[in-house]
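So this block is final.cif, mmCIF, C-alpha atoms:
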data_run
loop_
_atom_site.group_PDB
_atom_site.id
_atom_site.type_symbol
_atom_site.label_atom_id
_atom_site.label_comp_id
_atom_site.auth_asym_id
_atom_site.auth_seq_id
_atom_site.Cartn_x
_atom_site.Cartn_y
_atom_site.Cartn_z
ATOM 1 C CA MET A 13 109.297 86.481 174.218
ATOM 2 C CA LYS A 14 111.103 85.612 171.036
ATOM 3 C CA ASN A 15 109.451 82.178 171.085
ATOM 4 C CA ALA A 16 105.995 83.727 171.466
ATOM 5 C CA VAL A 17 106.587 86.124 168.545
ATOM 6 C CA PHE A 18 108.014 83.288 166.458
ATOM 7 C CA THR A 19 105.013 81.021 167.295
ATOM 8 C CA LEU A 20 102.587 83.837 166.551
ATOM 9 C CA ALA A 21 104.295 84.489 163.192
ATOM 10 C CA ILE A 22 104.142 80.773 162.273
ATOM 11 C CA LEU A 23 100.473 80.564 163.247
ATOM 12 C CA SER A 24 99.715 83.698 161.201
ATOM 13 C CA ILE A 25 101.386 82.175 158.160
ATOM 14 C CA ILE A 26 99.478 78.897 158.603
ATOM 15 C CA PHE A 27 96.150 80.743 158.926
ATOM 16 C CA ALA A 28 96.945 82.879 155.889
ATOM 17 C CA LEU A 29 97.794 79.807 153.809
ATOM 18 C CA ALA A 30 94.688 77.989 155.027
ATOM 19 C CA ALA A 31 92.531 80.996 154.160
ATOM 20 C CA CYS A 32 94.016 81.089 150.654
ATOM 21 C CA GLY A 33 93.262 77.394 150.207
ATOM 22 C CA LYS A 34 89.626 77.836 151.228
ATOM 23 C CA SER A 35 89.249 80.820 148.924
ATOM 24 C CA THR A 36 90.434 78.766 145.974
ATOM 25 C CA GLU A 37 87.958 75.977 146.769
ATOM 26 C CA VAL A 38 85.050 78.391 146.962
ATOM 27 C CA LYS A 39 86.120 80.108 143.775
ATOM 28 C CA THR A 40 86.341 76.767 141.940
ATOM 29 C CA GLU A 41 82.839 75.836 143.036
ATOM 30 C CA THR A 42 81.361 79.087 141.753
ATOM 31 C CA VAL A 43 83.197 78.861 138.420
ATOM 32 C CA GLN A 44 81.944 75.350 137.567
ATOM 33 C CA PRO A 45 78.203 76.196 137.468
ATOM 34 C CA ASP A 46 78.987 79.249 135.325
ATOM 35 C CA GLN A 47 80.914 77.070 132.874
ATOM 36 C CA ALA A 48 78.097 74.510 132.765
ATOM 37 C CA GLN A 49 75.579 77.281 132.183
ATOM 38 C CA THR A 50 77.700 78.702 129.364
ATOM 39 C CA GLU A 51 77.911 75.266 127.703
ATOM 40 C CA GLN A 52 74.153 74.784 128.076
ATOM 41 C CA THR A 53 73.481 78.212 126.592
ATOM 42 C CA LYS A 54 75.706 77.371 123.615
ATOM 43 C CA SER A 55 73.795 74.137 122.949
ATOM 44 C CA GLU A 56 70.455 75.937 123.276
ATOM 45 C CA GLN A 57 71.601 78.488 120.715
ATOM 46 C CA ALA A 58 72.741 75.857 118.211
ATOM 47 C CA PRO A 59 70.947 76.522 114.932
ATOM 48 C CA ALA A 60 68.055 74.208 114.172
ATOM 49 C CA GLU A 61 68.305 71.945 111.164
ATOM 50 C CA SER A 62 66.595 73.456 108.176
ATOM 51 C CA LEU A 63 63.905 72.098 105.937
ATOM 52 C CA GLN A 64 64.930 72.319 102.287
ATOM 53 C CA LEU A 65 63.272 73.371 99.071
ATOM 54 C CA LEU A 66 64.307 70.863 96.410
ATOM 55 C CA ASP A 67 63.422 70.642 92.718
ATOM 56 C CA ASN A 68 62.272 67.648 90.688
ATOM 57 C CA GLU A 69 61.229 67.427 87.010
ATOM 58 C CA LYS A 70 58.046 65.510 87.866
ATOM 59 C CA ALA A 71 57.016 67.329 91.047
ATOM 60 C CA GLY A 72 58.579 70.770 90.642
ATOM 61 C CA LYS A 73 59.851 72.525 93.765
ATOM 62 C CA TYR A 74 58.940 70.750 96.973
ATOM 63 C CA LEU A 75 59.583 70.849 100.692
ATOM 64 C CA ALA A 76 61.931 68.232 102.153
ATOM 65 C CA ASP A 77 63.253 67.470 105.614
ATOM 66 C CA PRO A 78 66.908 68.234 106.548
ATOM 67 C CA GLN A 79 67.956 64.867 105.054
ATOM 68 C CA GLY A 80 66.252 65.623 101.717
ATOM 69 C CA ARG A 81 63.204 63.361 102.153
ATOM 70 C CA ALA A 82 60.081 64.798 100.513
ATOM 71 C CA LEU A 83 57.193 65.959 102.708
ATOM 72 C CA TYR A 84 53.625 65.263 101.589
ATOM 73 C CA TYR A 85 50.087 66.228 102.504
ATOM 74 C CA PHE A 86 46.939 64.098 102.233
ATOM 75 C CA LYS A 87 43.921 65.702 100.537
ATOM 76 C CA LYS A 88 41.555 63.725 102.793
ATOM 77 C CA ASP A 89 42.974 65.345 105.934
ATOM 78 C CA GLU A 90 41.283 68.284 107.585
ATOM 79 C CA ALA A 91 42.977 71.309 109.118
ATOM 80 C CA GLY A 92 44.206 70.185 112.538
ATOM 81 C CA LYS A 93 43.273 66.524 112.002
ATOM 82 C CA SER A 94 44.886 63.513 110.335
ATOM 83 C CA ASN A 95 42.639 61.038 108.545
ATOM 84 C CA CYS A 96 45.535 58.658 107.868
ATOM 85 C CA SER A 97 45.973 55.795 110.360
ATOM 86 C CA GLY A 98 46.660 52.062 110.444
ATOM 87 C CA ASP A 99 47.960 50.786 107.070
ATOM 88 C CA CYS A 100 47.830 54.320 105.711
ATOM 89 C CA LEU A 101 50.198 55.527 108.426
ATOM 90 C CA ALA A 102 52.497 52.548 107.789
ATOM 91 C CA ASN A 103 52.879 53.704 104.150
ATOM 92 C CA TRP A 104 52.805 57.414 104.971
ATOM 93 C CA PRO A 105 54.734 57.907 108.250
ATOM 94 C CA ALA A 106 54.100 61.151 110.121
ATOM 95 C CA PHE A 107 56.686 63.935 110.010
ATOM 96 C CA THR A 108 57.430 64.611 113.679
ATOM 97 C CA GLN A 109 60.598 66.742 113.834
ATOM 98 C CA GLU A 110 59.617 69.856 115.795
ATOM 99 C CA ASP A 111 62.804 71.928 115.858
ATOM 100 C CA PHE A 112 63.669 73.163 112.383
ATOM 101 C CA ALA A 113 64.227 76.302 110.345
ATOM 102 C CA VAL A 114 62.333 76.883 107.102
ATOM 103 C CA PRO A 115 63.662 77.770 103.652
ATOM 104 C CA GLU A 116 63.107 81.089 101.909
ATOM 105 C CA GLY A 117 59.535 81.434 100.689
ATOM 106 C CA PHE A 118 58.079 79.739 103.780
ATOM 107 C CA ASP A 119 56.975 81.321 107.050
ATOM 108 C CA LYS A 120 57.814 79.459 110.269
ATOM 109 C CA LYS A 121 54.465 80.650 111.664
ATOM 110 C CA ASP A 122 52.706 78.389 109.128
ATOM 111 C CA PHE A 123 54.171 75.310 110.856
ATOM 112 C CA ASP A 124 52.705 73.851 114.024
ATOM 113 C CA THR A 125 51.908 70.439 115.517
ATOM 114 C CA ILE A 126 48.833 68.393 116.265
ATOM 115 C CA THR A 127 48.447 65.483 118.639
ATOM 116 C CA ARG A 128 47.354 62.442 116.667
ATOM 117 C CA GLU A 129 44.117 60.836 117.890
ATOM 118 C CA ASP A 130 45.265 57.258 117.125
ATOM 119 C CA ASN A 131 48.604 57.170 118.945
ATOM 120 C CA GLY A 132 48.840 60.440 120.909
ATOM 121 C CA LYS A 133 52.096 61.459 119.170
ATOM 122 C CA LYS A 134 52.859 64.921 117.843
ATOM 123 C CA GLN A 135 52.811 65.479 114.078
ATOM 124 C CA VAL A 136 54.040 68.584 112.283
ATOM 125 C CA THR A 137 51.503 70.548 110.259
ATOM 126 C CA TYR A 138 51.822 73.130 107.500
ATOM 127 C CA LYS A 139 48.984 75.661 107.435
ATOM 128 C CA GLY A 140 47.124 73.279 109.750
ATOM 129 C CA PHE A 141 47.492 70.177 107.561
ATOM 130 C CA PRO A 142 49.579 67.204 108.787
ATOM 131 C CA LEU A 143 52.821 66.380 106.959
ATOM 132 C CA TYR A 144 53.987 62.892 106.000
ATOM 133 C CA TYR A 145 56.800 60.936 104.395
ATOM 134 C CA PHE A 146 56.218 58.218 101.786
ATOM 135 C CA ALA A 147 57.629 54.813 102.770
ATOM 136 C CA LYS A 148 58.731 54.092 99.171
ATOM 137 C CA ASP A 149 60.945 57.186 99.047
ATOM 138 C CA GLN A 150 64.308 55.563 99.730
ATOM 139 C CA GLN A 151 66.800 58.369 99.199
ATOM 140 C CA GLU A 152 67.197 62.103 98.973
ATOM 141 C CA GLY A 153 65.314 63.473 95.975
ATOM 142 C CA ASP A 154 62.743 60.660 95.693
ATOM 143 C CA VAL A 155 59.180 61.893 95.136
ATOM 144 C CA ASN A 156 57.503 58.531 94.491
ATOM 145 C CA GLY A 157 54.454 59.615 96.478
ATOM 146 C CA GLN A 158 53.625 62.595 94.262
ATOM 147 C CA GLY A 159 50.063 62.201 92.960
ATOM 148 C CA VAL A 160 49.467 58.731 94.441
ATOM 149 C CA LYS A 161 45.741 57.943 94.136
ATOM 150 C CA GLU A 162 45.331 61.648 93.333
ATOM 151 C CA VAL A 163 45.257 62.426 97.083
ATOM 152 C CA TRP A 164 48.955 62.596 98.044
ATOM 153 C CA PHE A 165 51.039 65.593 97.022
ATOM 154 C CA VAL A 166 54.380 67.191 97.832
ATOM 155 C CA VAL A 167 54.277 70.467 99.724
ATOM 156 C CA ASN A 168 55.574 73.709 98.250
ATOM 157 C CA SER A 169 55.131 77.393 99.026
ATOM 158 C CA GLU A 170 52.134 77.561 96.644
ATOM 159 C CA THR A 171 50.329 74.581 98.205
ATOM 160 C CA ALA A 172 46.681 75.501 98.582
ATOM 161 C CA PHE A 173 44.682 73.238 100.855
ATOM 162 C CA GLU A 174 41.090 72.558 99.863
#
As a first step, turn the structure in this file into structure tokens.
Amino acid sequence: MKNAVFTLAILSIIFALAACGKSTEVKTETVQPDQAQTEQTKSEQAPAESLQLLDNEKAGKYLADPQGRALYYFKKDEAGKSNCSGDCLANWPAFTQEDFAVPEGFDKKDFDTITREDNGKKQVTYKGFPLYYFAKDQQEGDVNGQGVKEVWFVVNSETAFE
């Protein structure tokens, strides 16, 4: 009888320990997805890079990308349509960054994207007009494209499209 009680006690301890081990495994599995979800949520909530409003003697205040490169519009464009392609686009690359905050004086609702007809890529617009860089702007603060051929201009909060 003592052997049966002793065997039963040993088996009970083994089952209890085994049950604890399984519980830990299950708990670990449920914690991992929660941690991954928390990390994903943190990255989704990371603040977007912000466009900047810079100042230049020649051009005045103007809109620039997060790296300080000036953004331009082309007077020959139409709302929702780019008329710059081929060699023009080589000299005036499209601004394509979609996730950004805007500086004071600008409304994020004024920014959108179009799909370019020539290459099918997205291009950011301001008040419907496509935005571009100028290839000859080499560093932050350059505004070498301002007034080129009297059709290329920097963008600012007072930009009025014709």
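The closest residue to Arg128 in chain A, picked from A:Glu110, A:Val155, A:Phe146, A:Ser94 and counting all atoms listed in the file, is A:Ser94.
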Exercise for review: Find the residues around range 98-106 of chain A up to 7 Å (only C-alpha atoms counted), leave out those fewer than 2 positions away in its own chain, and share them as a PyMOL selection string.
Suggested key: chain A and resi 96+108+135+143-147
Point to revise | Selection dump of the PyMOL selection byres ((chain A and resi 164) around 9), as a ChimeraX atom specification | key: /A:84-88,157-163,165-166
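Applied to the file shown here, the PyMOL selection byres ((chain A and resi 137) around 6) selects Phe123, Asp124, Thr125, Val136, Tyr138, Gly140, Phe141, Pro142 and Leu143 of chain A.
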What's around Pro78 in chain A at 10 Å? Count only C-alpha atoms, leave out sequence neighbours fewer than 2 positions away in its own chain, and write the answer as a PDB file with C-alpha atoms, in the frame of the given file.
ATOM      1  CA  ALA A  60      68.055  74.208 114.172  1.00  0.00           C
ATOM      2  CA  GLU A  61      68.305  71.945 111.164  1.00  0.00           C
ATOM      3  CA  SER A  62      66.595  73.456 108.176  1.00  0.00           C
ATOM      4  CA  LEU A  63      63.905  72.098 105.937  1.00  0.00           C
ATOM      5  CA  GLN A  64      64.930  72.319 102.287  1.00  0.00           C
ATOM      6  CA  LEU A  65      63.272  73.371  99.071  1.00  0.00           C
ATOM      7  CA  LEU A  75      59.583  70.849 100.692  1.00  0.00           C
ATOM      8  CA  ALA A  76      61.931  68.232 102.153  1.00  0.00           C
ATOM      9  CA  GLY A  80      66.252  65.623 101.717  1.00  0.00           C
ATOM     10  CA  ARG A  81      63.204  63.361 102.153  1.00  0.00           C
ATOM     11  CA  ALA A  82      60.081  64.798 100.513  1.00  0.00           C
ATOM     12  CA  GLN A 109      60.598  66.742 113.834  1.00  0.00           C
ATOM     13  CA  PHE A 112      63.669  73.163 112.383  1.00  0.00           C
ATOM     14  CA  ALA A 113      64.227  76.302 110.345  1.00  0.00           C
ATOM     15  CA  VAL A 114      62.333  76.883 107.102  1.00  0.00           C
ATOM     16  CA  GLU A 152      67.197  62.103  98.973  1.00  0.00           C
TER      17      GLU A 152
END
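In this model, the gap between CA of Glu170 in chain A and CA of Lys139 in chain A comes to 11.4 Å.
Distances here use only C-alpha atoms; by that measure, the residue among A:Asn156, A:Ser97, A:Gln151, A:Asn168 closest to Asn131 in chain A is A:Ser97.
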